[in-house]
$ cat query.cif   # mmCIF, C-alpha atoms and all ligand atoms
data_upload
#
loop_
_atom_site.label_atom_id
_atom_site.label_comp_id
_atom_site.auth_asym_id
_atom_site.auth_seq_id
_atom_site.Cartn_x
_atom_site.Cartn_y
_atom_site.Cartn_z
CA MET A 223 8.19 23.37 15.13
CA ARG A 224 9.04 20.66 12.60
CA ILE A 225 6.47 18.00 11.81
CA LEU A 226 7.28 14.85 9.86
CA HIS A 227 4.50 13.13 7.91
CA THR A 228 4.70 9.39 7.23
CA SER A 229 2.03 6.69 6.82
CA ASP A 230 1.15 3.15 5.80
CA TRP A 231 4.06 1.34 7.38
CA HIS A 232 2.13 -1.93 7.18
CA LEU A 233 4.44 -3.59 9.69
CA GLY A 234 4.38 -7.36 9.24
CA ARG A 235 3.64 -7.17 5.52
CA THR A 236 5.33 -9.54 3.10
CA PHE A 237 6.11 -8.85 -0.56
CA GLU A 238 4.27 -11.81 -2.09
CA SER A 239 5.80 -14.37 0.31
CA ILE A 240 9.08 -12.55 1.10
CA SER A 241 9.41 -11.05 4.60
CA LEU A 242 9.95 -7.28 4.68
CA GLU A 243 10.73 -7.16 8.39
CA GLU A 244 14.39 -6.27 7.87
CA ASP A 245 13.53 -3.56 5.32
CA GLN A 246 10.84 -2.08 7.57
CA ARG A 247 13.25 -2.05 10.51
CA ALA A 248 15.87 -0.32 8.34
CA PHE A 249 13.29 2.28 7.28
CA VAL A 250 12.52 3.10 10.92
CA THR A 251 16.26 3.42 11.67
CA TRP A 252 16.65 5.77 8.69
CA LEU A 253 13.57 7.71 9.83
CA CYS A 254 15.00 8.16 13.33
CA GLY A 255 18.20 9.50 11.74
CA VAL A 256 16.20 12.11 9.79
CA VAL A 257 14.20 13.05 12.88
CA THR A 258 17.41 13.62 14.85
CA GLU A 259 19.35 15.41 12.08
CA ARG A 260 16.49 17.71 11.19
CA ALA A 261 15.42 18.24 14.80
CA VAL A 262 11.87 17.09 14.08
CA ASP A 263 9.46 17.78 16.97
CA VAL A 264 6.43 15.73 15.94
CA VAL A 265 6.22 12.53 13.86
CA VAL A 266 2.77 11.82 12.44
CA VAL A 267 1.93 8.28 11.28
CA ALA A 268 -1.30 8.63 9.29
CA GLY A 269 -2.65 5.12 9.73
CA ASP A 270 -1.94 1.49 8.78
CA VAL A 271 0.81 1.00 11.31
CA TRP A 272 0.18 -2.72 10.90
CA ASP A 273 -0.70 -4.65 7.78
CA ARG A 274 -3.54 -6.56 9.33
CA ALA A 275 -6.09 -6.32 12.11
CA ASN A 276 -4.63 -9.42 13.73
CA PRO A 277 -0.86 -8.77 13.44
CA LYS A 278 1.52 -11.64 14.03
CA ALA A 279 3.81 -11.55 17.07
CA GLU A 280 6.82 -10.25 15.09
CA ALA A 281 4.76 -7.32 13.81
CA VAL A 282 3.54 -6.46 17.31
CA THR A 283 7.14 -6.40 18.55
CA LEU A 284 8.30 -4.37 15.55
CA MET A 285 5.56 -1.80 16.19
CA GLU A 286 6.57 -1.41 19.83
CA GLU A 287 10.26 -1.13 18.94
CA SER A 288 9.58 1.31 16.09
CA LEU A 289 7.40 3.76 18.02
CA ASN A 290 9.75 3.52 20.96
CA ALA A 291 12.77 4.31 18.73
CA VAL A 292 11.06 7.37 17.27
CA ALA A 293 9.99 8.59 20.72
CA ALA A 294 13.56 8.06 22.00
CA THR A 295 14.72 10.82 19.62
CA GLY A 296 12.68 13.20 21.75
CA ALA A 297 9.95 13.72 19.15
CA THR A 298 6.26 13.44 20.00
CA VAL A 299 4.56 10.66 18.01
CA ILE A 300 0.96 10.98 16.84
CA ALA A 301 -0.34 7.81 15.17
CA ILE A 302 -3.88 7.04 14.02
CA ALA A 303 -5.47 3.68 13.23
CA GLY A 304 -5.93 2.90 9.52
CA ASN A 305 -8.28 0.49 7.79
CA HIS A 306 -5.71 -2.31 8.03
CA ASP A 307 -5.21 -1.80 11.76
CA SER A 308 -7.44 -3.05 14.49
CA ALA A 309 -8.17 0.12 16.48
CA ALA A 310 -8.61 -1.96 19.62
CA ARG A 311 -5.25 -3.69 19.27
CA LEU A 312 -3.46 -0.46 18.40
CA ALA A 313 -5.08 1.09 21.47
CA TYR A 314 -3.51 -1.52 23.72
CA GLY A 315 -1.01 0.29 25.94
CA ALA A 316 -2.04 3.71 24.59
CA SER A 317 -2.58 5.08 28.11
CA TRP A 318 1.01 4.16 29.08
CA ALA A 319 2.53 5.20 25.76
CA LYS A 320 1.06 8.69 26.19
CA ASN A 321 3.37 9.18 29.18
CA TYR A 322 6.33 8.72 26.83
CA GLY A 323 5.08 11.08 24.13
CA ILE A 324 3.44 8.44 21.93
CA ILE A 325 -0.15 9.44 21.23
CA LEU A 326 -2.20 6.67 19.64
CA VAL A 327 -5.53 7.95 18.33
CA THR A 328 -7.68 4.90 17.83
CA GLU A 329 -11.16 6.03 18.90
CA ASP A 330 -13.47 4.33 16.44
CA VAL A 331 -16.85 5.31 17.81
CA GLY A 332 -16.95 8.89 19.11
CA TYR A 333 -15.03 11.98 18.09
CA PRO A 334 -11.38 12.21 19.09
CA THR A 335 -10.07 15.04 21.21
CA PRO A 336 -7.65 17.23 19.22
CA VAL A 337 -3.99 16.98 20.22
CA ILE A 338 -2.29 20.28 20.98
CA VAL A 339 1.49 20.22 20.81
CA ASP A 340 3.42 23.18 22.14
CA ARG A 341 7.09 23.04 21.21
CA ASN A 342 9.86 25.27 19.93
CA GLY A 343 7.87 28.47 20.14
CA ALA A 344 4.84 27.21 18.26
CA SER A 345 1.58 25.69 19.38
CA VAL A 346 -0.17 23.48 16.82
CA GLY A 347 -3.59 21.82 17.01
CA PHE A 348 -3.91 18.37 15.40
CA VAL A 349 -7.32 16.99 14.49
CA ALA A 350 -6.31 13.35 14.13
CA VAL A 351 -9.17 11.18 12.89
CA PRO A 352 -8.64 7.42 12.77
CA TYR A 353 -10.22 5.37 9.99
CA ARG A 354 -13.68 4.23 10.94
CA ASP A 355 -16.29 1.95 9.47
CA PRO A 356 -19.38 4.15 8.85
CA GLN A 357 -21.61 1.32 10.06
CA ARG A 358 -19.83 1.05 13.41
CA THR A 359 -19.49 4.67 14.46
CA ILE A 360 -22.14 7.03 15.84
CA ALA A 361 -24.84 8.06 13.35
CA PRO A 362 -24.02 11.13 11.26
CA VAL A 363 -25.24 14.49 12.53
CA PRO A 364 -28.61 15.28 10.86
CA ALA A 365 -28.66 17.72 7.93
CA GLU A 366 -29.62 21.37 8.52
CA ASP A 367 -33.26 20.63 7.65
CA GLY A 368 -33.33 17.90 10.30
CA THR A 369 -33.30 14.94 7.92
CA SER A 370 -30.90 12.15 8.74
CA ARG A 371 -27.79 11.63 6.64
CA LEU A 372 -26.67 8.26 5.29
CA ARG A 373 -23.84 6.44 7.06
CA THR A 374 -21.21 7.18 4.44
CA HIS A 375 -17.46 7.66 4.76
CA THR A 376 -17.94 11.27 3.71
CA ALA A 377 -20.57 11.94 6.41
CA VAL A 378 -18.64 10.36 9.30
CA LEU A 379 -15.32 11.99 8.38
CA ASP A 380 -17.04 15.34 7.81
CA ASP A 381 -18.60 15.15 11.27
CA ALA A 382 -15.32 14.21 12.96
CA LEU A 383 -13.45 17.05 11.25
CA ASN A 384 -16.21 19.54 12.14
CA ASP A 385 -16.13 18.39 15.73
CA GLY A 386 -12.35 18.87 15.77
CA ARG A 387 -12.72 22.38 14.30
CA ARG A 388 -15.26 23.22 17.00
CA GLN A 389 -13.00 21.93 19.76
CA LEU A 390 -10.06 23.93 18.42
CA ALA A 391 -12.06 27.11 17.77
CA ASP A 392 -10.93 28.84 20.96
CA ALA A 393 -7.52 27.17 21.24
CA ASP A 394 -4.46 29.38 21.21
CA VAL A 395 -2.71 27.73 18.26
CA VAL A 396 -0.78 29.16 15.28
CA ALA A 397 -1.80 26.35 12.92
CA THR A 398 -4.35 23.57 12.65
CA ILE A 399 -3.45 20.28 11.00
CA ALA A 400 -5.80 17.43 10.10
CA VAL A 401 -4.58 13.83 10.03
CA ALA A 402 -6.83 11.26 8.36
CA HIS A 403 -6.86 7.85 6.72
CA ALA A 404 -9.15 8.24 3.73
CA TYR A 405 -9.49 7.84 -0.03
CA VAL A 406 -9.79 11.29 -1.55
CA SER A 407 -11.68 11.28 -4.89
CA GLY A 408 -9.42 11.64 -7.87
CA SER A 409 -6.34 10.17 -6.18
CA ALA A 410 -4.03 7.68 -7.87
CA THR A 411 -4.24 4.20 -6.36
CA SER A 412 -1.87 1.20 -6.15
CA ASP A 413 -2.43 -2.56 -6.03
CA SER A 414 -1.53 -2.88 -2.34
CA GLU A 415 -4.41 -0.86 -0.85
CA ARG A 416 -7.70 -2.30 0.34
CA ARG A 417 -10.46 -0.20 -1.19
CA TYR A 418 -14.23 -0.61 -1.63
CA VAL A 419 -15.54 -1.94 -4.90
CA GLY A 420 -17.30 0.91 -6.69
CA GLY A 421 -15.54 3.64 -4.72
CA ALA A 422 -18.11 4.03 -1.91
CA ASP A 423 -15.24 4.92 0.43
CA GLN A 424 -14.20 8.01 -1.55
CA VAL A 425 -14.44 11.41 0.12
CA PRO A 426 -14.26 14.85 -1.53
CA LEU A 427 -11.18 17.03 -1.06
CA SER A 428 -13.47 19.87 0.05
CA LEU A 429 -14.02 18.08 3.37
CA PHE A 430 -10.61 19.32 4.53
CA HIS A 431 -11.29 23.05 4.13
CA GLY A 432 -9.85 25.42 6.67
CA PHE A 433 -6.90 23.35 7.88
CA ASP A 434 -3.42 24.74 7.28
CA ALA A 435 -2.24 21.28 6.32
CA VAL A 436 -3.80 17.85 5.88
CA LEU A 437 -1.62 14.76 6.39
CA LEU A 438 -3.20 11.76 4.75
CA GLY A 439 -2.66 8.02 4.86
CA HIS A 440 -4.34 5.12 3.00
CA LEU A 441 -3.05 5.47 -0.57
CA HIS A 442 0.48 4.21 -1.11
CA ARG A 443 1.60 6.66 -3.80
CA TYR A 444 3.03 10.06 -2.88
CA GLN A 445 0.65 12.74 -4.16
CA GLU A 446 -0.27 16.33 -3.39
CA PHE A 447 -3.46 18.37 -3.75
CA ASP A 448 -4.17 22.07 -3.35
CA GLU A 449 -0.49 23.00 -3.86
CA GLY A 450 0.69 20.55 -1.22
CA ARG A 451 -1.66 21.70 1.55
CA VAL A 452 -3.27 18.26 1.38
CA ALA A 453 -1.04 15.26 0.62
CA TYR A 454 -0.47 11.55 0.83
CA CYS A 455 3.17 10.78 1.69
CA GLY A 456 2.58 7.15 0.64
CA SER A 457 3.99 3.94 2.07
CA PRO A 458 7.71 3.90 2.95
CA LEU A 459 8.41 0.84 0.77
CA PRO A 460 6.78 -0.50 -2.39
CA TYR A 461 4.22 -3.14 -1.42
CA SER A 462 3.12 -4.13 -4.96
CA PHE A 463 4.53 -4.11 -8.50
CA SER A 464 2.42 -1.04 -9.30
CA GLU A 465 4.59 1.10 -6.97
CA THR A 466 7.52 2.08 -9.16
CA ALA A 467 7.48 5.75 -8.13
CA ASP A 468 9.93 7.04 -5.50
CA LYS A 469 8.90 6.85 -1.84
CA ALA A 470 9.05 9.85 0.50
CA VAL A 471 8.15 11.46 3.80
CA ARG A 472 7.37 15.17 4.29
CA ILE A 473 8.63 17.74 6.73
CA LEU A 474 6.43 20.73 7.58
CA GLU A 475 7.82 23.76 9.33
CA VAL A 476 5.62 25.89 11.59
CA GLY A 477 6.92 29.20 12.94
CA ALA A 478 5.49 31.64 15.45
CA GLU A 479 3.20 32.98 12.72
CA GLY A 480 2.04 29.63 11.32
CA LEU A 481 2.99 27.17 8.58
CA THR A 482 6.06 28.37 6.66
CA SER A 483 7.20 25.49 4.45
CA ILE A 484 6.60 21.91 3.37
CA GLU A 485 9.45 19.75 2.09
CA ARG A 486 9.48 16.34 0.46
CA VAL A 487 12.28 14.06 1.68
CA GLU A 488 12.98 11.04 -0.48
CA ILE A 489 13.36 7.63 1.19
CA PRO A 490 16.51 5.85 -0.14
CA VAL A 491 14.63 2.64 -1.07
CA GLY A 492 16.91 0.32 -3.02
CA VAL A 493 19.94 2.44 -2.09
CA ALA A 494 20.30 2.27 1.70
CA PHE A 495 17.75 -0.49 2.32
CA GLY A 496 14.80 -2.27 0.75
CA ARG A 497 14.38 -2.85 -2.96
CA GLY A 498 12.52 -1.34 -5.85
CA VAL A 499 10.07 -3.22 -8.02
CA SER A 500 10.29 -3.97 -11.75
CA THR A 501 8.07 -5.71 -14.23
CA ILE A 502 10.23 -6.85 -17.14
CA THR A 503 8.89 -8.12 -20.46
CA GLY A 504 10.74 -10.02 -23.20
CA THR A 505 11.82 -13.45 -24.37
CA LEU A 506 13.69 -15.56 -21.83
CA GLU A 507 16.90 -15.00 -23.80
CA GLU A 508 16.43 -11.21 -23.81
CA LEU A 509 15.69 -11.07 -20.09
CA LEU A 510 18.79 -13.13 -19.35
CA THR A 511 21.20 -11.12 -21.49
CA ASP A 512 19.91 -7.66 -22.47
CA ALA A 513 21.71 -4.79 -20.72
CA ARG A 514 18.51 -2.76 -20.48
CA TYR A 515 17.27 -5.00 -17.66
CA ALA A 516 20.39 -4.42 -15.53
CA GLY A 517 18.55 -1.87 -13.35
CA ALA A 518 16.13 -4.57 -12.24
CA GLU A 519 18.78 -7.04 -11.07
CA GLN A 520 18.46 -6.13 -7.38
CA HIS A 521 14.71 -5.40 -7.52
CA PHE A 522 11.70 -7.54 -6.75
CA VAL A 523 10.98 -8.73 -10.29
CA ALA A 524 7.87 -9.87 -12.12
CA ALA A 525 8.90 -11.38 -15.47
CA ARG A 526 6.50 -11.46 -18.43
CA LEU A 527 7.74 -13.88 -21.09
CA THR A 528 6.91 -13.22 -24.73
CA ASN A 529 8.16 -16.60 -26.01
CA ASP A 530 5.62 -18.50 -28.14
CA THR A 531 6.47 -21.74 -26.42
CA LEU A 532 6.61 -22.85 -22.83
CA GLN A 533 10.03 -22.19 -21.25
CA ILE A 534 11.13 -24.99 -18.93
CA ASP A 535 12.54 -23.83 -15.55
CA ALA A 536 12.28 -20.16 -16.58
CA LYS A 537 12.17 -18.94 -12.98
CA ALA A 538 15.26 -20.90 -11.93
CA LYS A 539 17.16 -19.60 -14.97
CA LEU A 540 16.09 -15.99 -14.34
CA GLU A 541 16.99 -16.27 -10.66
CA VAL A 542 20.66 -16.35 -11.58
CA ARG A 543 20.43 -12.79 -12.91
CA PHE A 544 17.47 -11.60 -10.78
CA PRO A 545 17.89 -13.23 -7.35
CA HIS A 546 14.71 -11.53 -6.05
CA ILE A 547 12.40 -12.64 -8.85
CA VAL A 548 8.92 -13.15 -7.46
CA ASN A 549 6.90 -14.47 -10.36
CA VAL A 550 7.10 -15.47 -14.01
CA THR A 551 4.10 -15.42 -16.32
CA ARG A 552 3.50 -15.25 -20.05
CA ALA A 553 3.01 -11.77 -21.44
CA ALA A 554 -0.46 -10.88 -22.68
CA SER A 555 1.02 -10.41 -26.15
CA ALA A 556 2.37 -13.99 -26.21
CA ALA A 557 0.27 -16.93 -27.40
CA PRO A 558 -3.39 -16.53 -26.36
CA HIS A 559 -3.03 -18.38 -23.10
CA GLY A 560 -6.21 -18.55 -21.09
CA VAL A 561 -8.73 -17.60 -23.77
CA ALA A 562 -12.14 -19.29 -23.59
CA PRO A 563 -12.08 -22.68 -25.29
CA ALA A 564 -13.33 -22.58 -28.86
CA VAL A 565 -15.11 -25.88 -28.23
CA PRO A 566 -17.53 -26.01 -25.27
CA SER A 567 -16.23 -28.38 -22.58
CA ALA A 568 -19.28 -30.68 -22.80
CA ALA A 569 -18.60 -31.14 -26.49
CA LEU A 570 -14.95 -32.00 -25.77
CA ILE A 571 -16.04 -35.30 -24.24
CA GLU A 572 -17.35 -36.35 -27.65
CA GLU A 573 -14.15 -35.36 -29.44
CA ASP A 574 -11.36 -37.76 -30.13
CA PRO A 575 -8.31 -37.22 -27.86
CA LEU A 576 -6.06 -35.99 -30.66
CA THR A 577 -8.50 -33.16 -31.54
CA VAL A 578 -8.79 -32.19 -27.86
CA ILE A 579 -5.00 -32.02 -27.48
CA ALA A 580 -4.58 -30.16 -30.76
CA THR A 581 -7.21 -27.59 -29.67
CA PHE A 582 -5.45 -27.14 -26.35
CA LEU A 583 -2.05 -26.65 -28.00
CA ASP A 584 -3.57 -24.19 -30.46
CA GLN A 585 -4.94 -22.12 -27.56
CA VAL A 586 -1.74 -22.23 -25.53
CA HIS A 587 0.78 -21.69 -28.33
CA GLY A 588 -1.33 -19.80 -30.81
CA GLN A 589 -0.79 -22.45 -33.48
CA PRO A 590 -1.92 -26.05 -33.97
CA PRO A 591 0.59 -28.92 -33.76
CA SER A 592 2.63 -29.65 -36.87
CA GLU A 593 2.12 -32.85 -38.92
CA GLU A 594 5.14 -34.38 -37.20
CA GLU A 595 3.82 -33.47 -33.73
CA ARG A 596 0.38 -34.89 -34.61
CA GLU A 597 1.96 -38.22 -35.55
CA LEU A 598 3.92 -38.27 -32.31
CA LEU A 599 0.77 -37.46 -30.30
CA ALA A 600 -1.25 -40.10 -32.14
CA GLY A 601 1.37 -42.69 -31.22
CA VAL A 602 1.30 -41.68 -27.54
CA ILE A 603 -2.52 -41.70 -27.44
CA ASP A 604 -2.59 -45.15 -29.04
CA ALA A 605 -0.08 -46.50 -26.53
CA VAL A 606 -2.04 -45.06 -23.59
CA LEU A 607 -5.41 -46.32 -24.84
CA GLN A 608 -4.07 -49.80 -25.54
CA GLY A 609 -2.36 -49.82 -22.15
CA GLY A 610 -5.62 -48.82 -20.48
CA ALA A 611 -7.53 -51.67 -22.22
CA LYS A 612 -5.27 -54.32 -20.76
MN MN B 1 -2.40 1.33 3.67
#
$ encode --input "query.cif" --output "structure tokens"
Amino acid sequence: MRILHTSDWHLGRTFESISLEEDQRAFVTWLCGVVTERAVDVVVVAGDVWDRANPKAEAVTLMEESLNAVAATGATVIAIAGNHDSAARLAYGASWAKNYGIILVTEDVGYPTPVIVDRNGASVGFVAVPYRDPQRTIAPVPAEDGTSRLRTHTAVLDDALNDGRRQLADADVVATIAVAHAYVSGSATSDSERRYVGGADQVPLSLFHGFDAVLLGHLHRYQEFDEGRVAYCGSPLPYSFSETADKAVRILEVGAEGLTSIERVEIPVGVAFGRGVSTITGTLEELLTDARYAGAEQHFVAARLTNDTLQIDAKAKLEVRFPHIVNVTRAASAAPHGVAPAVPSAALIEEDPLTVIATFLDQVHGQPPSEEERELLAGVIDAVLQGGAK
């Protein structure tokens, strides 16, 4: 049996304000090609099918079309709700979808029933646990000494996995696989994930003991633990400028004796569809001409200008070379833009206008106006003040 692991599709997501619908659709088409070519039996989507709990109409349609396309290859689909999904909305139609081999595990209160898939000479038990808010699910099982446990992410996921283990204890399966949407301590994060401040949503890797494989969603960077037994496959496309690493899905092979191999399959982002992300830093002139930025020309680009002075129409100029430029800001190393004013704002009211403007220019450009500029400013201030007195 071949099992494909993907996650964090975030259907309906935009890159800043640019629609990714076409790229997401192309990813699903590519995925269906892999599923067919490699004769994949089960496709696991480990949460965050949608980008938001209240997906827009286009995202709802894209989800239906996507899961339907994967199921049309003949593969069984197992998808869980992530923290971006609304479990209730994802559950809509789940009872019908099941008849077509699309199993949506969205239970956000009790413990889900493990899914047993019997195909190609192997029977595999999946403990698929959707993301759940610890405050909304049933209270954690008391500790061995009878004391109650706090409603933490660790406690509720631990209980759900234990319940799954119990339910599978007597099942005639050659492998057990856990599917979860969680933040494992020590993982590398990206800017496009929604995580708790302070890390209260982190769970220890040890929670997943005993499973032959653990297919995780939630973090958008591909990463493996415990020699690949536990892994995040990451999102299929970069959803923030922090995601410069290659994107991938995984294919696990289970034979009559159990798990035999795990393979990483790279997603051709920026080659067949979608685009990579680049943050480029330099003067406007360098960014426009230097050959070393050629690789970023077809990427989503964030430009960081190092010029000392303000560059008029920088974005429009850069757009000629980088048509998918998303934002332009001044590099941190440029003039100290945004530092706290040296003069408290209340005191500024007492200052003469020329001093206020000179202080501002000093902060923005890193140097005060020249004698010539001061004269020019003084003339403008005079003209304005005299005009105002009329
Ligand atoms: Mn996600």
$ residues_near_point --input "query.cif" --point "(7.4, -9.8, -0.9)" --cutoff "10 Å" --atoms "only C-alpha atoms" --output "PyMOL selection string"
chain A and resi 235-242+460-463+522+546-548
$ closest_residue --input "query.cif" --among "A:Val262, A:Val339, A:Val396, A:Ala402" --to "ligand MN 1 (chain B)" --atoms "only C-alpha atoms and all ligand atoms"
A:Ala402
$ closest_residue --input "query.cif" --among "A:Asp270, A:Asp355, A:Asp604, A:Glu479" --to "ligand MN 1 (chain B)" --atoms "all atoms listed in the file"
A:Asp270
$ residues_near_ligand --input "query.cif" --ligand "ligand MN 1 (chain B)" --cutoff "8 Å" --atoms "all atoms listed in the file" --output "MDAnalysis selection string"
chainID A and resid 229:232 269:270 273 304:306 414:416 439:442 457
$ closest_residue --input "query.cif" --among "A:Thr528, A:Thr505, A:Ser345, A:Thr328" --to "Ala393 (chain A)" --atoms "all atoms listed in the file"
A:Ser345
$ residues_around --input "query.cif" --residues "region 590-596 of chain A" --least-positions-apart "4" --cutoff "10 Å" --atoms "only C-alpha atoms" --output "PyMOL selection string"
chain A and resi 576-577+579-586+600-602
$ closest_residue --input "query.cif" --among "A:Arg552, A:Arg514, A:Arg497, A:Arg417" --to "Lys537 (chain A)" --atoms "only C-alpha atoms"
A:Arg552
$ closest_residue --input "query.cif" --among "A:Val406, A:Leu510, A:Val256, A:Leu284" --to "Ala422 (chain A)" --atoms "all atoms listed in the file"
A:Val406
$ residues_near_point --input "query.cif" --point "(11.3, -21.2, -23.0)" --cutoff "12 Å" --atoms "all atoms listed in the file" --output "VMD selection string"
chain A and resid 504 to 510 526 to 540 550 to 552 556 587
$ write_last_selection --input "query.cif" --atoms "C-alpha atoms" --output "CSV table (one decimal), keeping the file's coordinate frame"
chain,number,residue,atom,x,y,z
A,504,GLY,CA,10.7,-10.0,-23.2
A,505,THR,CA,11.8,-13.4,-24.4
A,506,LEU,CA,13.7,-15.6,-21.8
A,507,GLU,CA,16.9,-15.0,-23.8
A,508,GLU,CA,16.4,-11.2,-23.8
A,509,LEU,CA,15.7,-11.1,-20.1
A,510,LEU,CA,18.8,-13.1,-19.4
A,526,ARG,CA,6.5,-11.5,-18.4
A,527,LEU,CA,7.7,-13.9,-21.1
A,528,THR,CA,6.9,-13.2,-24.7
A,529,ASN,CA,8.2,-16.6,-26.0
A,530,ASP,CA,5.6,-18.5,-28.1
A,531,THR,CA,6.5,-21.7,-26.4
A,532,LEU,CA,6.6,-22.8,-22.8
A,533,GLN,CA,10.0,-22.2,-21.2
A,534,ILE,CA,11.1,-25.0,-18.9
A,535,ASP,CA,12.5,-23.8,-15.6
A,536,ALA,CA,12.3,-20.2,-16.6
A,537,LYS,CA,12.2,-18.9,-13.0
A,538,ALA,CA,15.3,-20.9,-11.9
A,539,LYS,CA,17.2,-19.6,-15.0
A,540,LEU,CA,16.1,-16.0,-14.3
A,550,VAL,CA,7.1,-15.5,-14.0
A,551,THR,CA,4.1,-15.4,-16.3
A,552,ARG,CA,3.5,-15.2,-20.0
A,556,ALA,CA,2.4,-14.0,-26.2
A,587,HIS,CA,0.8,-21.7,-28.3
$ closest_residue --input "query.cif" --among "A:Ala344, A:Val250, A:Ala293, A:Ile302" --to "Ala319 (chain A)" --atoms "all atoms listed in the file"
A:Ala293
$ atom_distance --input "query.cif" --atom1 "CA of Asp423 (chain A)" --atom2 "CA of Ser407 (chain A)"
9.0 Å
$ atom_distance --input "query.cif" --atom1 "CA of Asp307 (chain A)" --atom2 "CA of Tyr444 (chain A)"
20.6 Å
$ atom_distance --input "query.cif" --atom1 "CA of Ala513 (chain A)" --atom2 "CA of Glu465 (chain A)"
22.7 Å
$ residues_around --input "query.cif" --residues "Asp434 (chain A)" --least-positions-apart "4" --cutoff "9 Å" --atoms "only C-alpha atoms" --output "list in words"
Ala397, Thr398, Ile399, Ala400, Arg451, Val452, Gly480 and Leu481 of chain A
$ residues_around --input "query.cif" --residues "Arg224 (chain A)" --least-positions-apart "2" --cutoff "6 Å" --atoms "all atoms listed in the file" --output "list in words"
Val262, Asp263, Leu474 and Glu475 of chain A
